[in-house]
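Contents: one structure, followed by commentary.
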Amino acid sequence: MYFCRLLSFTMKKIFLLLFILTFQNIAFSQNNVIEQVRTELSKRREAKILIPKSEIKDINLLSKTISLDYPKGEFWLGYVNEKQYKNFLTLNLKHSLFTESFPKALTMATNLSQMSSWDRYPTYLVYDSMMRRFATSYPNICKLDTIGFSEDNRLILALKISSNPYSDIDKPKFFYTSTMHGDEITGYVLMLRLADWLLNNYGINQRVTNIINNTQVYINPLANPDGTYFDSINLANATRYNANAVDLNRNFPSIPNGFHADGENWQKETLAFMAYADSNEFSISANLHGGAEVLNYPFDTYTSNSQSHADANWFVAVCQQFIDSISPLAPLTFFRDVTHSGYTNGGDWYVVDGSRQDYQTYFKYSREITFEVSSDKSLSTTQLNNYWNYLKGGLISYIETCQKGLQGYVRDSLTNEPIRAKIFINSHDAFNSEVYSKASTGYYYRPIQSGIYSITYSADRYYPKTIYNVNIASNSMNNQDVILAKIPDNLGEIEDNKFLINIYPNPAKDLLRVSLPENSNIFSYSIFNMLGIEIMKGRINDINTDISIKDLNKGVYLILLGEKTIKFIKE
Ligand SMILES: [Zn+2]
């Protein structure tokens with residue numbers, strides 16, 4: 001008996017000792033991991049970590065803390081910068097540093113001719129030459145645009161491909177942009193190749209000719225050059241984040257959480273894209289990523305149960321069309337690694353705040369889908385031709401959606417002047433899904449599933465007009481022009497305080513403070529003189545923003561904030 005008790009006592013001690021040893025081991029190994037992650041951060045300004053799924057209680061809290069990437073087997077892969085890692089450690093989750101077991105060397109093209117077989121990645125200089133050469137080789141249908149500059153002052157370029165590239169014609173605007181996550185580089189080469197293919201086939205291939213005649217196509221192959229060229233010798237070492245270690249696809253204004261939900265300033269890349277969207281008013285766009293094979297449609301910030309898009313059926317139909325256009329030569333597993341259909345509502349996959357897709361879709365009244373084009377983020381160069389062949393049909397069919405829907409002009413009933421009007425589909429539109437006509441010409445384009453709709457056209461100081469039984473046929477462009485009658489001036493001065501926009505002091509001398517409500521969706525302003533000429537414009541950086549009006553002459557001005565115009569006096 002005593003012996004047994006002694007044994008039992010000894011066993012307990014052994015177990016206790018084992019337990020302490022194991023626990024110390026875990027603690028020791030986690031300390032080790034933290035060291036490893038910190039070393040990686042000092043080398044690359046970002047680190048990839050793996051978190052066991054079993055550890056994660058609240059995936060959306062985790063998604064707010066770090067840049068969640070994708071599930072990998074029993075783990076989630078996430079990216080952290082120093083600040084995110086510090087916050088992540090407070091969650092006390094077991095994790096490990098993720099490193100590629102077989103780092104690859106990607107073949108680079110160091111001159112233009114090496115790109116001709118499309119099985120290499122271009123150096124930054126070769127990329128720059130390719131973009132310039134597109135514009136000089138096809139001056140009648142192609143123009144090179146500078147969207148802006150990266151934090152390290154690399155160019156962010158876009159091609160405009162259109163039958164009239166140097167003017168803004170009344171045709172839908174379509175935008176492809178790729179690789180805002182610098183290490184997701186498959187789309188980068190796909191976009192260069194798409195531009196090349198479109199330009200080479202104008203007047204030869206009927207589909208291409210129709211696209212270029214009927215749509216203003218913009219292509220930005222590389223949205224985050226500093227991340228992609230972190231290591232200019234081998235793109236396999238590219239970083240997801242930009243030069244300031246910021247995730248650009250979390251850096252846009254958030255629908256529920258305001259201007260800077262990620263806790264970072266707007267990066268130069270973000271500001272450049274916001275300004276480009278302001279001046280171009282794209283109708284349909286896609287944002288190419290990698291790491292998975294799936295189409296991800298709005299919203300990223302909400303699950304489909306909590307807030308689906310009014311045009312969810314349009315998004316689903318467009319995604320299905322894309323999937324149906326994938327080459328039959330693609331492997332059966334292609335575009336099946338996230339969902340069986342090949343597409344998903346963003347938030348149903350996992351919730352992301354501050355994405356470009358939601359910014360474009362909600363704040364710019366547009367339609368943007370995130371295309372995850374290859375499970376392998378940095379596709380080996382031998383696969384680049386295959387992926388082009390698999391995806392070419394889908395990429396083209398998505399641009400062709402711009403040839404379907406409703407378009408027309410909104411004009412003044414007396415003067416025929418163009419009107420910036422809101423085009424609202426009754427019993428359908430919600431949560432910023434409506435579209436607006438262009439102030440310069442009154443032209444509008446509204447992608448929508450076929451059906452019979454009642455549509456209300458409204459504008460500041462005009463009587464709204466509803467057109468009933470508008471029949472939008474499938475697979476074609478339908479036209480509906482509208483004239484609106486002006487409300488007599490003495491009735492037009494309706495003060496509208498429901499948006500609680502304030503400017504003060506008024507009259508003002510040097511600074512004019514603009515004060516907006518929480519969750520405002522106004523990110524820019526324009527100041528006009530009383531002749532209606534725009535004198536200055538700029539960004540609204542926060543809900544309280546001071547605008548320097550030192551350089552304005554004394555007089556009366558109008559400031560345009562969103563849809564609201566407010567009169568002020570400069571002393
Ligand atoms: Zn991405």
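Residue numbering restarts at 1 for every chain of the structure tokens, chains are lettered A, B, ... in their displayed order, and ligands are numbered from 1 as they appear.
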
Check: Would you name the residues within 9 Å of ligand 1, counting only C-alpha atoms and all ligand atoms, and put them as a PyMOL selection string?
Finding: chain A and resi 69+179-184+240+249+287-292+370+372+377

Write to file, as a compact mmCIF listing (two decimals), in the first residue's frame, the residues of the selection just made, with N, CA, C and O atoms.
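Saved as part.txt:
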```
# COMPACT_ATOMS: atom_id res chain seq x y z
N ASP A 69 -4.68 36.53 -44.57
CA ASP A 69 -4.52 36.20 -45.98
C ASP A 69 -5.50 35.08 -46.33
O ASP A 69 -6.64 35.37 -46.69
N THR A 179 -2.22 43.75 -58.45
CA THR A 179 -1.02 43.64 -57.62
C THR A 179 -0.85 44.81 -56.64
O THR A 179 0.24 45.32 -56.45
N MET A 180 -1.96 45.22 -56.01
CA MET A 180 -1.83 46.15 -54.90
C MET A 180 -1.19 45.44 -53.70
O MET A 180 -0.63 46.08 -52.83
N HIS A 181 -1.31 44.11 -53.66
CA HIS A 181 -0.46 43.31 -52.78
C HIS A 181 0.75 42.93 -53.62
O HIS A 181 0.64 42.14 -54.56
N GLY A 182 1.89 43.52 -53.28
CA GLY A 182 3.05 43.46 -54.16
C GLY A 182 3.56 42.07 -54.46
O GLY A 182 4.24 41.87 -55.48
N ASP A 183 3.26 41.09 -53.62
CA ASP A 183 3.78 39.73 -53.85
C ASP A 183 2.78 38.87 -54.64
O ASP A 183 3.04 37.69 -54.86
N GLU A 184 1.66 39.45 -55.08
CA GLU A 184 0.67 38.68 -55.84
C GLU A 184 0.82 39.08 -57.31
O GLU A 184 0.10 39.94 -57.82
N ARG A 240 4.01 41.98 -49.62
CA ARG A 240 2.60 42.31 -49.77
C ARG A 240 2.39 43.81 -49.57
O ARG A 240 1.67 44.47 -50.30
N ASN A 249 -4.70 47.26 -49.27
CA ASN A 249 -6.10 46.82 -49.40
C ASN A 249 -6.84 46.83 -48.06
O ASN A 249 -7.89 46.20 -47.92
N ASN A 287 -10.08 44.11 -59.36
CA ASN A 287 -8.87 44.31 -58.63
C ASN A 287 -8.22 42.93 -58.53
O ASN A 287 -8.80 42.04 -57.89
N LEU A 288 -7.09 42.71 -59.22
CA LEU A 288 -6.52 41.37 -59.29
C LEU A 288 -5.54 41.08 -58.15
O LEU A 288 -4.65 41.89 -57.87
N HIS A 289 -5.76 39.94 -57.53
CA HIS A 289 -4.93 39.48 -56.42
C HIS A 289 -4.50 38.04 -56.69
O HIS A 289 -4.82 37.47 -57.73
N GLY A 290 -3.82 37.45 -55.71
CA GLY A 290 -3.42 36.05 -55.82
C GLY A 290 -3.34 35.41 -54.45
O GLY A 290 -3.47 36.10 -53.43
N GLY A 291 -3.12 34.12 -54.44
CA GLY A 291 -3.08 33.38 -53.17
C GLY A 291 -4.26 32.44 -53.06
O GLY A 291 -4.33 31.59 -52.16
N ALA A 292 -5.24 32.63 -53.96
CA ALA A 292 -6.42 31.76 -54.02
C ALA A 292 -6.93 31.87 -55.45
O ALA A 292 -6.44 32.68 -56.24
N THR A 370 -13.12 41.58 -56.71
CA THR A 370 -11.74 41.19 -56.47
C THR A 370 -11.52 39.83 -57.14
O THR A 370 -12.23 38.88 -56.83
N GLU A 372 -9.19 36.79 -57.46
CA GLU A 372 -8.02 36.05 -56.95
C GLU A 372 -7.64 35.08 -58.05
O GLU A 372 -8.35 34.10 -58.27
N LYS A 377 0.91 32.68 -55.27
CA LYS A 377 0.99 34.14 -55.47
C LYS A 377 2.02 34.54 -56.50
O LYS A 377 1.81 35.47 -57.27
```

Item checked: Polymer residues at most 12 Å from Tyr202 in chain A, only C-alpha atoms, same-chain spacing of 4 or more positions, as a VMD selection string -> chain A and resid 138 140 to 142 161 to 163 195 to 198 206 to 213

Note to self: Please list as a PyMOL selection string every residue within 10 Å of Glu55 in chain A, counting only C-alpha atoms and excluding residues in the same chain fewer than 4 positions away.
What the structure shows: chain A and resi 51+59+75-76+92-95

Any chance you could tabulate, as CSV, the residues of range 287-351 of chain A at most 10 Å from range 251-271 of chain A with each one's nearest atom pair and distance in Å to one decimal, using only C-alpha atoms, in chain and rising number order?
```
residue,atom,partner,partner_atom,distance
A:Phe299,CA,A:Ile255,CA,9.8
A:Thr301,CA,A:Ile255,CA,7.5
A:Tyr302,CA,A:Pro256,CA,9.6
```

Find the nearest atom pair between each residue of range 428-534 of chain A and range 341-365 of chain A for residues within 9 Å, count only C-alpha atoms, give distances in Å to one decimal, sort rows by chain and ascending number, and present the table as CSV.
```
residue,atom,partner,partner_atom,distance
A:Phe431,CA,A:Tyr362,CA,7.4
A:Asn432,CA,A:Tyr362,CA,5.6
A:Ser433,CA,A:Tyr365,CA,5.9
A:Glu434,CA,A:Tyr365,CA,6.3
A:Val435,CA,A:Tyr365,CA,5.6
A:Tyr436,CA,A:Tyr365,CA,7.8
A:Asn521,CA,A:Phe363,CA,6.4
A:Ile522,CA,A:Phe363,CA,8.4
```

Requested write-out: N, CA and C atoms of the selected residues, as a PDB file, in the first residue's frame:
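Okay, this is what ended up in again-v2.pdb:
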```pdb
ATOM      1  N   PHE A 431     -28.259  51.343 -50.251  1.00  0.00           N
ATOM      2  CA  PHE A 431     -26.888  51.311 -49.740  1.00  0.00           C
ATOM      3  C   PHE A 431     -25.886  51.709 -50.841  1.00  0.00           C
ATOM      4  N   ASN A 432     -26.139  52.878 -51.439  1.00  0.00           N
ATOM      5  CA  ASN A 432     -25.240  53.467 -52.455  1.00  0.00           C
ATOM      6  C   ASN A 432     -25.111  52.659 -53.749  1.00  0.00           C
ATOM      7  N   SER A 433     -26.134  51.909 -54.119  1.00  0.00           N
ATOM      8  CA  SER A 433     -26.019  51.168 -55.390  1.00  0.00           C
ATOM      9  C   SER A 433     -26.487  52.008 -56.575  1.00  0.00           C
ATOM     10  N   GLU A 434     -27.049  53.195 -56.318  1.00  0.00           N
ATOM     11  CA  GLU A 434     -27.481  54.051 -57.426  1.00  0.00           C
ATOM     12  C   GLU A 434     -26.265  54.580 -58.200  1.00  0.00           C
ATOM     13  N   VAL A 435     -26.509  55.150 -59.377  1.00  0.00           N
ATOM     14  CA  VAL A 435     -25.404  55.764 -60.126  1.00  0.00           C
ATOM     15  C   VAL A 435     -25.736  57.235 -60.398  1.00  0.00           C
ATOM     16  N   TYR A 436     -24.755  57.974 -60.884  1.00  0.00           N
ATOM     17  CA  TYR A 436     -24.918  59.406 -61.157  1.00  0.00           C
ATOM     18  C   TYR A 436     -24.501  59.702 -62.598  1.00  0.00           C
ATOM     19  N   ASN A 521     -19.076  60.194 -46.077  1.00  0.00           N
ATOM     20  CA  ASN A 521     -18.427  59.599 -47.249  1.00  0.00           C
ATOM     21  C   ASN A 521     -17.930  60.676 -48.200  1.00  0.00           C
ATOM     22  N   ILE A 522     -17.567  61.820 -47.631  1.00  0.00           N
ATOM     23  CA  ILE A 522     -17.048  62.915 -48.451  1.00  0.00           C
ATOM     24  C   ILE A 522     -15.540  62.997 -48.236  1.00  0.00           C
TER      25      ILE A 522
END
```
